[in-house]
>>> print(open('coords_22.txt').read())   # compact mmCIF, C-alpha atoms
# COMPACT_ATOMS: atom_id res chain seq x y z
CA MET A 418 106.15 -188.01 -10.15
CA THR A 419 105.28 -191.21 -8.29
CA THR A 420 102.84 -190.64 -5.41
CA GLN A 421 104.63 -191.19 -2.12
CA SER A 422 103.53 -191.04 1.50
CA ILE A 423 105.28 -190.65 4.83
CA VAL A 424 103.90 -191.29 8.32
CA HIS A 425 104.48 -188.55 10.90
CA VAL A 426 104.44 -189.64 14.56
CA ALA A 427 105.64 -188.06 17.79
CA ASP A 428 105.32 -188.39 21.55
CA ILE A 429 105.16 -192.18 21.62
CA HIS A 430 106.45 -192.03 25.22
CA PHE A 431 107.51 -195.63 25.73
CA GLY A 432 106.98 -196.14 29.44
CA CYS A 433 103.39 -194.91 29.12
CA GLU A 434 102.75 -195.87 25.51
CA ASP A 435 99.26 -196.69 24.27
CA THR A 436 99.73 -200.25 23.06
CA GLN A 437 96.41 -200.26 21.22
CA ALA A 438 97.42 -197.12 19.34
CA LEU A 439 100.75 -198.69 18.40
CA THR A 440 98.95 -201.78 17.15
CA ALA A 441 96.53 -199.63 15.15
CA LEU A 442 99.39 -197.83 13.40
CA ALA A 443 101.26 -201.03 12.65
CA ASP A 444 98.13 -202.69 11.23
CA ALA A 445 97.41 -199.65 9.02
CA LEU A 446 100.89 -199.49 7.48
CA PRO A 447 100.32 -202.04 4.68
CA SER A 448 97.37 -200.03 3.33
CA ILE A 449 99.19 -196.68 3.72
CA ASP A 450 102.44 -198.11 2.34
CA PRO A 451 104.64 -195.18 3.43
CA ALA A 452 108.14 -194.73 2.13
CA LEU A 453 109.29 -193.47 5.51
CA ILE A 454 108.39 -193.07 9.19
CA VAL A 455 109.20 -189.65 10.69
CA VAL A 456 109.40 -189.55 14.49
CA ALA A 457 109.39 -185.98 15.81
CA GLY A 458 110.76 -186.69 19.28
CA ASP A 459 109.70 -187.96 22.70
CA LEU A 460 110.14 -191.63 21.98
CA THR A 461 110.41 -192.23 25.74
CA TYR A 462 108.68 -191.04 28.90
CA ARG A 463 111.51 -190.78 31.44
CA GLY A 464 114.55 -191.20 29.20
CA ARG A 465 115.31 -194.63 30.67
CA ARG A 466 117.44 -197.11 28.78
CA ARG A 467 114.75 -199.78 28.82
CA GLU A 468 112.32 -197.28 27.27
CA PHE A 469 114.76 -196.58 24.46
CA GLU A 470 115.21 -200.31 23.94
CA ALA A 471 111.44 -200.76 23.70
CA ALA A 472 111.17 -197.88 21.21
CA GLU A 473 114.02 -199.27 19.12
CA ALA A 474 112.46 -202.74 19.06
CA TRP A 475 109.02 -201.43 18.09
CA LEU A 476 110.33 -199.27 15.25
CA ALA A 477 112.23 -202.27 13.91
CA THR A 478 108.96 -204.20 13.60
CA LEU A 479 107.59 -201.56 11.23
CA ARG A 480 110.22 -202.47 8.62
CA ARG A 481 110.41 -198.97 7.17
CA PRO A 482 113.19 -196.40 7.01
CA VAL A 483 113.01 -194.03 9.98
CA VAL A 484 114.08 -190.41 10.35
CA LEU A 485 113.86 -189.20 13.92
CA THR A 486 114.97 -186.59 16.39
CA ALA A 487 115.00 -186.31 20.17
CA GLY A 488 112.44 -184.59 22.37
CA ASN A 489 112.57 -183.18 25.87
CA HIS A 490 111.44 -186.52 27.36
CA ASP A 491 114.39 -188.28 25.71
CA VAL A 492 116.88 -186.99 28.30
CA PRO A 493 117.44 -188.58 31.75
CA PHE A 494 114.66 -187.53 34.10
CA LEU A 495 116.28 -188.34 37.45
CA ASN A 496 120.03 -188.50 36.77
CA LEU A 497 120.85 -184.80 36.78
CA PHE A 498 124.57 -185.39 36.13
CA GLU A 499 123.85 -187.26 32.90
CA ARG A 500 121.14 -184.77 32.05
CA ALA A 501 123.65 -181.92 32.28
CA PHE A 502 126.69 -183.51 30.66
CA SER A 503 125.51 -186.33 28.39
CA PRO A 504 121.75 -185.90 27.90
CA PHE A 505 121.51 -187.81 24.60
CA ASN A 506 123.81 -190.78 25.28
CA ASP A 507 120.98 -193.31 25.44
CA PHE A 508 119.21 -191.75 22.46
CA ASP A 509 122.41 -191.94 20.42
CA ARG A 510 123.08 -195.48 21.57
CA SER A 511 119.69 -196.66 20.35
CA PHE A 512 119.34 -194.50 17.26
CA ALA A 513 121.63 -191.92 15.71
CA GLU A 514 123.56 -188.85 16.72
CA SER A 515 121.34 -186.02 17.89
CA GLY A 516 122.25 -183.67 15.02
CA VAL A 517 120.80 -183.34 11.54
CA GLN A 518 119.74 -186.49 9.72
CA ALA A 519 118.74 -186.55 6.09
CA TYR A 520 116.47 -188.50 3.75
CA GLN A 521 115.65 -188.05 0.09
CA ASP A 522 113.56 -189.69 -2.61
CA ASP A 523 111.76 -188.33 -5.67
CA ALA A 524 108.96 -186.82 -3.54
CA PHE A 525 110.51 -185.63 -0.27
CA SER A 526 113.75 -184.09 0.98
CA ILE A 527 114.00 -184.19 4.77
CA VAL A 528 116.44 -183.08 7.45
CA SER A 529 115.98 -183.35 11.21
CA LEU A 530 117.44 -181.28 14.01
CA ASN A 531 117.35 -181.35 17.80
CA THR A 532 115.43 -178.67 19.70
CA ALA A 533 115.60 -180.50 23.06
CA ARG A 534 118.14 -179.59 25.75
CA GLY A 535 119.23 -181.35 28.93
CA VAL A 536 119.34 -178.15 30.96
CA GLN A 537 118.62 -174.50 30.25
CA THR A 538 118.88 -171.17 32.01
CA ARG A 539 115.08 -171.05 32.37
CA LEU A 540 113.21 -173.13 34.93
CA ASN A 541 111.12 -175.22 32.55
CA TRP A 542 113.63 -177.41 30.74
CA ALA A 543 110.87 -178.97 28.65
CA HIS A 544 110.72 -175.91 26.41
CA GLY A 545 112.57 -176.07 23.10
CA VAL A 546 115.62 -174.20 21.86
CA ILE A 547 116.83 -173.70 18.30
CA THR A 548 119.79 -171.64 17.25
CA VAL A 549 120.27 -169.58 14.11
CA GLU A 550 123.17 -171.90 13.24
CA GLN A 551 120.94 -174.98 13.46
CA ALA A 552 118.30 -173.41 11.24
CA GLN A 553 120.81 -172.18 8.68
CA ALA A 554 122.54 -175.57 8.54
CA ALA A 555 119.24 -177.40 7.96
CA ALA A 556 118.17 -174.91 5.29
CA ALA A 557 121.53 -175.18 3.56
CA ARG A 558 121.36 -178.98 3.59
CA LEU A 559 117.90 -178.91 2.01
CA SER A 560 119.06 -176.48 -0.67
CA GLU A 561 121.62 -179.09 -1.78
CA MET A 562 119.04 -181.85 -2.11
CA ARG A 563 116.89 -182.84 -5.07
CA LYS A 564 114.94 -180.04 -6.74
CA GLY A 565 111.19 -180.40 -7.13
CA THR A 566 110.73 -182.36 -3.90
CA ALA A 567 108.78 -181.24 -0.84
CA ARG A 568 111.44 -179.75 1.45
CA ILE A 569 110.87 -180.71 5.09
CA VAL A 570 112.49 -179.97 8.45
CA VAL A 571 111.74 -182.23 11.45
CA CYS A 572 112.12 -181.13 15.06
CA HIS A 573 110.25 -181.78 18.30
CA HIS A 574 109.09 -178.36 19.44
CA PRO A 575 106.77 -176.12 17.40
CA LEU A 576 108.68 -173.02 16.36
CA VAL A 577 105.59 -170.81 16.52
CA LEU A 578 102.77 -171.81 18.89
CA PRO A 579 99.53 -172.45 16.95
CA PRO A 580 96.19 -170.99 18.05
CA GLY A 581 94.35 -173.17 20.56
CA ALA A 582 97.47 -175.03 21.70
CA PRO A 583 96.66 -177.25 24.70
CA ILE A 584 99.76 -176.14 26.64
CA LYS A 585 101.77 -172.96 26.94
CA THR A 586 105.25 -173.40 25.55
CA ARG A 587 107.82 -171.21 23.87
CA THR A 588 110.69 -172.39 21.72
CA LYS A 589 113.64 -170.07 22.23
CA GLY A 590 114.75 -168.89 18.80
CA GLY A 591 111.67 -170.47 17.23
CA PRO A 592 110.26 -167.45 15.37
CA GLU A 593 113.74 -166.54 14.10
CA ALA A 594 114.24 -170.09 12.81
CA ALA A 595 110.78 -170.11 11.24
CA GLU A 596 111.64 -166.94 9.35
CA ILE A 597 114.92 -168.46 8.16
CA PHE A 598 113.05 -171.50 6.87
CA ALA A 599 110.43 -169.34 5.17
CA GLN A 600 113.07 -167.24 3.42
CA ALA A 601 114.94 -170.40 2.38
CA GLY A 602 111.86 -171.92 0.74
CA VAL A 603 111.34 -174.79 3.18
CA ASP A 604 107.87 -176.22 2.60
CA LEU A 605 107.00 -178.00 5.86
CA VAL A 606 108.26 -178.15 9.45
CA LEU A 607 107.06 -181.33 11.22
CA THR A 608 106.87 -181.25 15.02
CA GLY A 609 105.38 -182.92 18.08
CA HIS A 610 105.23 -181.85 21.76
CA LEU A 611 101.63 -180.57 21.79
CA HIS A 612 100.04 -184.05 21.44
CA ARG A 613 97.54 -182.61 18.98
CA PRO A 614 97.57 -182.39 15.16
CA PHE A 615 97.58 -178.95 13.59
CA ALA A 616 98.55 -177.23 10.35
CA GLN A 617 99.27 -173.53 9.97
CA PRO A 618 101.53 -171.39 7.77
CA PHE A 619 104.32 -169.41 9.37
CA PRO A 620 103.62 -165.65 9.31
CA PHE A 621 106.83 -164.96 7.43
CA GLY A 622 107.97 -164.61 3.83
CA ASP A 623 105.36 -165.71 1.30
CA ARG A 624 103.44 -167.64 4.02
CA ASN A 625 103.91 -170.88 2.10
CA THR A 626 106.05 -172.54 4.77
CA TRP A 627 103.74 -174.65 6.91
CA SER A 628 104.08 -175.89 10.49
CA LEU A 629 102.55 -179.35 11.00
CA GLY A 630 102.07 -181.02 14.38
CA CYS A 631 100.81 -184.52 15.03
CA GLY A 632 99.15 -186.30 17.93
CA THR A 633 100.52 -188.66 20.53
CA LEU A 634 100.64 -192.47 20.60
CA SER A 635 100.75 -192.52 24.40
CA HIS A 636 98.24 -192.26 27.24
CA ARG A 637 99.31 -188.62 27.75
CA GLN A 638 96.49 -187.28 25.62
CA ARG A 639 95.35 -183.67 25.92
CA GLY A 640 91.72 -183.82 24.90
CA THR A 641 92.49 -185.39 21.52
CA PRO A 642 92.50 -189.14 20.74
CA ALA A 643 95.78 -190.90 20.10
CA SER A 644 96.75 -190.28 16.51
CA PHE A 645 99.40 -190.08 13.81
CA SER A 646 99.45 -188.24 10.49
CA VAL A 647 99.98 -189.30 6.88
CA LEU A 648 101.54 -186.91 4.37
CA THR A 649 101.01 -187.79 0.71
CA ARG A 650 102.89 -186.00 -2.05
CA THR A 651 100.77 -185.14 -5.06
CA ASN A 652 101.52 -183.17 -8.21
CA GLY A 653 99.89 -180.10 -6.66
CA GLY A 654 101.44 -180.28 -3.20
CA VAL A 655 100.98 -182.36 -0.05
CA GLU A 656 97.84 -183.89 1.45
CA VAL A 657 97.90 -184.12 5.27
CA THR A 658 95.56 -186.59 6.96
CA PRO A 659 95.50 -187.22 10.73
CA TRP A 660 94.51 -190.80 11.61
CA HIS A 661 92.86 -191.54 14.95
CA ALA A 662 94.27 -194.67 16.57
CA MET A 663 91.68 -195.89 19.06
CA ASP A 664 90.73 -199.33 20.34
CA GLY A 665 93.37 -200.93 18.14
CA VAL A 666 91.95 -199.47 14.91
CA ALA A 667 93.33 -196.59 12.83
CA THR A 668 90.81 -194.37 11.04
CA PRO A 669 91.62 -191.46 8.70
CA THR A 670 90.02 -188.09 9.42
CA GLU A 671 89.66 -184.99 7.29
CA THR A 672 92.41 -184.32 4.76
CA GLN A 673 93.99 -180.89 4.40
CA ARG A 674 95.62 -180.02 1.09
CA ILE A 675 98.68 -177.78 1.12
CA ALA A 676 99.76 -176.33 -2.21
CA LEU A 677 103.49 -176.07 -2.92
CA ARG A 678 103.85 -173.01 -5.13
CA ARG A 679 107.63 -172.70 -5.23
>>> encode(input="coords_22.txt", output="structure tokens")
Amino acid sequence: MTTQSIVHVADIHFGCEDTQALTALADALPSIDPALIVVAGDLTYRGRRREFEAAEAWLATLRRPVVLTAGNHDVPFLNLFERAFSPFNDFDRSFAESGVQAYQDDAFSIVSLNTARGVQTRLNWAHGVITVEQAQAAAARLSEMRKGTARIVVCHHPLVLPPGAPIKTRTKGGPEAAEIFAQAGVDLVLTGHLHRPFAQPFPFGDRNTWSLGCGTLSHRQRGTPASFSVLTRTNGGVEVTPWHAMDGVATPTETQRIALRR
């Protein structure tokens, strides 16, 4: 198998983006040489059209395929009518429909789904929601893709909150979806929202389905420098390396190796 890498970013928040962090990532891409950029939501800060246009233009400069999904900041912040009835119009206009997207090569099989909502019955609309139907559809799509690849789901909100999370959040249906993914043999679930990298296995099934978060590329940092993560497929599994992106320079940090035993 040819060694392949993907870059995992989230929470870019155009409107309060860290331009030095964006420059650091872009300058590091030739040496990383990823096959794909995965954006796990929150491309914008207030869900404004000009923020989406800036995100779209920046991603185009990277000249790599992109798989992405929306986050809670990618819905209109002030226009409550649009937020209620057409929350992802601007996201769809700039990128793709807010449902599952798919990517496949000889190392990775990836589908994305949307855990963000315009409005909810609970007061904090920033929390995520995932339905059993969404999880089952993503798992079924992965099961149809190439065997022997690392099977990955991308969404914005962590399905199970990791220890030491910098904010309190709860994804409705998250544990149920995590269990579905574990039973289906999904290898990795890539998320954002916490603005901090982490890696932990879900406490379901054989505990070989891992939840991976990455840092932010905005000024909305929560005690952790701006960062992105690089996932490299090896014969034994996947190597996960967060890269700090400070002062216009990207620097790799400690690598964690995740074995794929399926």
>>> residues_around(input="coords_22.txt", residues="range 451-453 of chain A", least_positions_apart="4", cutoff="8 Å", atoms="only C-alpha atoms", output="JSON list (two decimals) with C-alpha atoms, keeping the file's coordinate frame")
[["chain", "number", "residue", "atom", "x", "y", "z"],
["A", 421, "GLN", "CA", 104.63, -191.19, -2.12],
["A", 422, "SER", "CA", 103.53, -191.04, 1.50],
["A", 423, "ILE", "CA", 105.28, -190.65, 4.83],
["A", 424, "VAL", "CA", 103.90, -191.29, 8.32],
["A", 446, "LEU", "CA", 100.89, -199.49, 7.48],
["A", 481, "ARG", "CA", 110.41, -198.97, 7.17],
["A", 482, "PRO", "CA", 113.19, -196.40, 7.01],
["A", 483, "VAL", "CA", 113.01, -194.03, 9.98],
["A", 484, "VAL", "CA", 114.08, -190.41, 10.35]]
>>> residues_around(input="coords_22.txt", residues="Ala582 in chain A", least_positions_apart="5", cutoff="10 Å", atoms="only C-alpha atoms", output="MDAnalysis selection string")
chainID A and resid 611:615 639
>>> residues_around(input="coords_22.txt", residues="Thr670 in chain A", least_positions_apart="3", cutoff="7 Å", atoms="all atoms listed in the file", output="number ranges by chain")
A: 658-660
>>> axis_aligned_box(input="coords_22.txt", around="range 446-462 of chain A", padding_each_side="8 Å", output="JSON")
{"center_x": 104.1, "center_y": -194.0, "center_z": 15.5, "size_x": 29.4, "size_y": 32.1, "size_z": 42.8}
>>> atom_distance(input="coords_22.txt", atom1="CA of Pro642 in chain A", atom2="CA of Met663 in chain A")
7.0 Å
>>> atom_distance(input="coords_22.txt", atom1="CA of Asn489 in chain A", atom2="CA of Ala616 in chain A")
21.7 Å
>>> closest_residue(input="coords_22.txt", among="A:Asn652, A:Thr548, A:Thr633, A:Gln537", to="Val456 in chain A", atoms="all atoms listed in the file")
A:Thr633
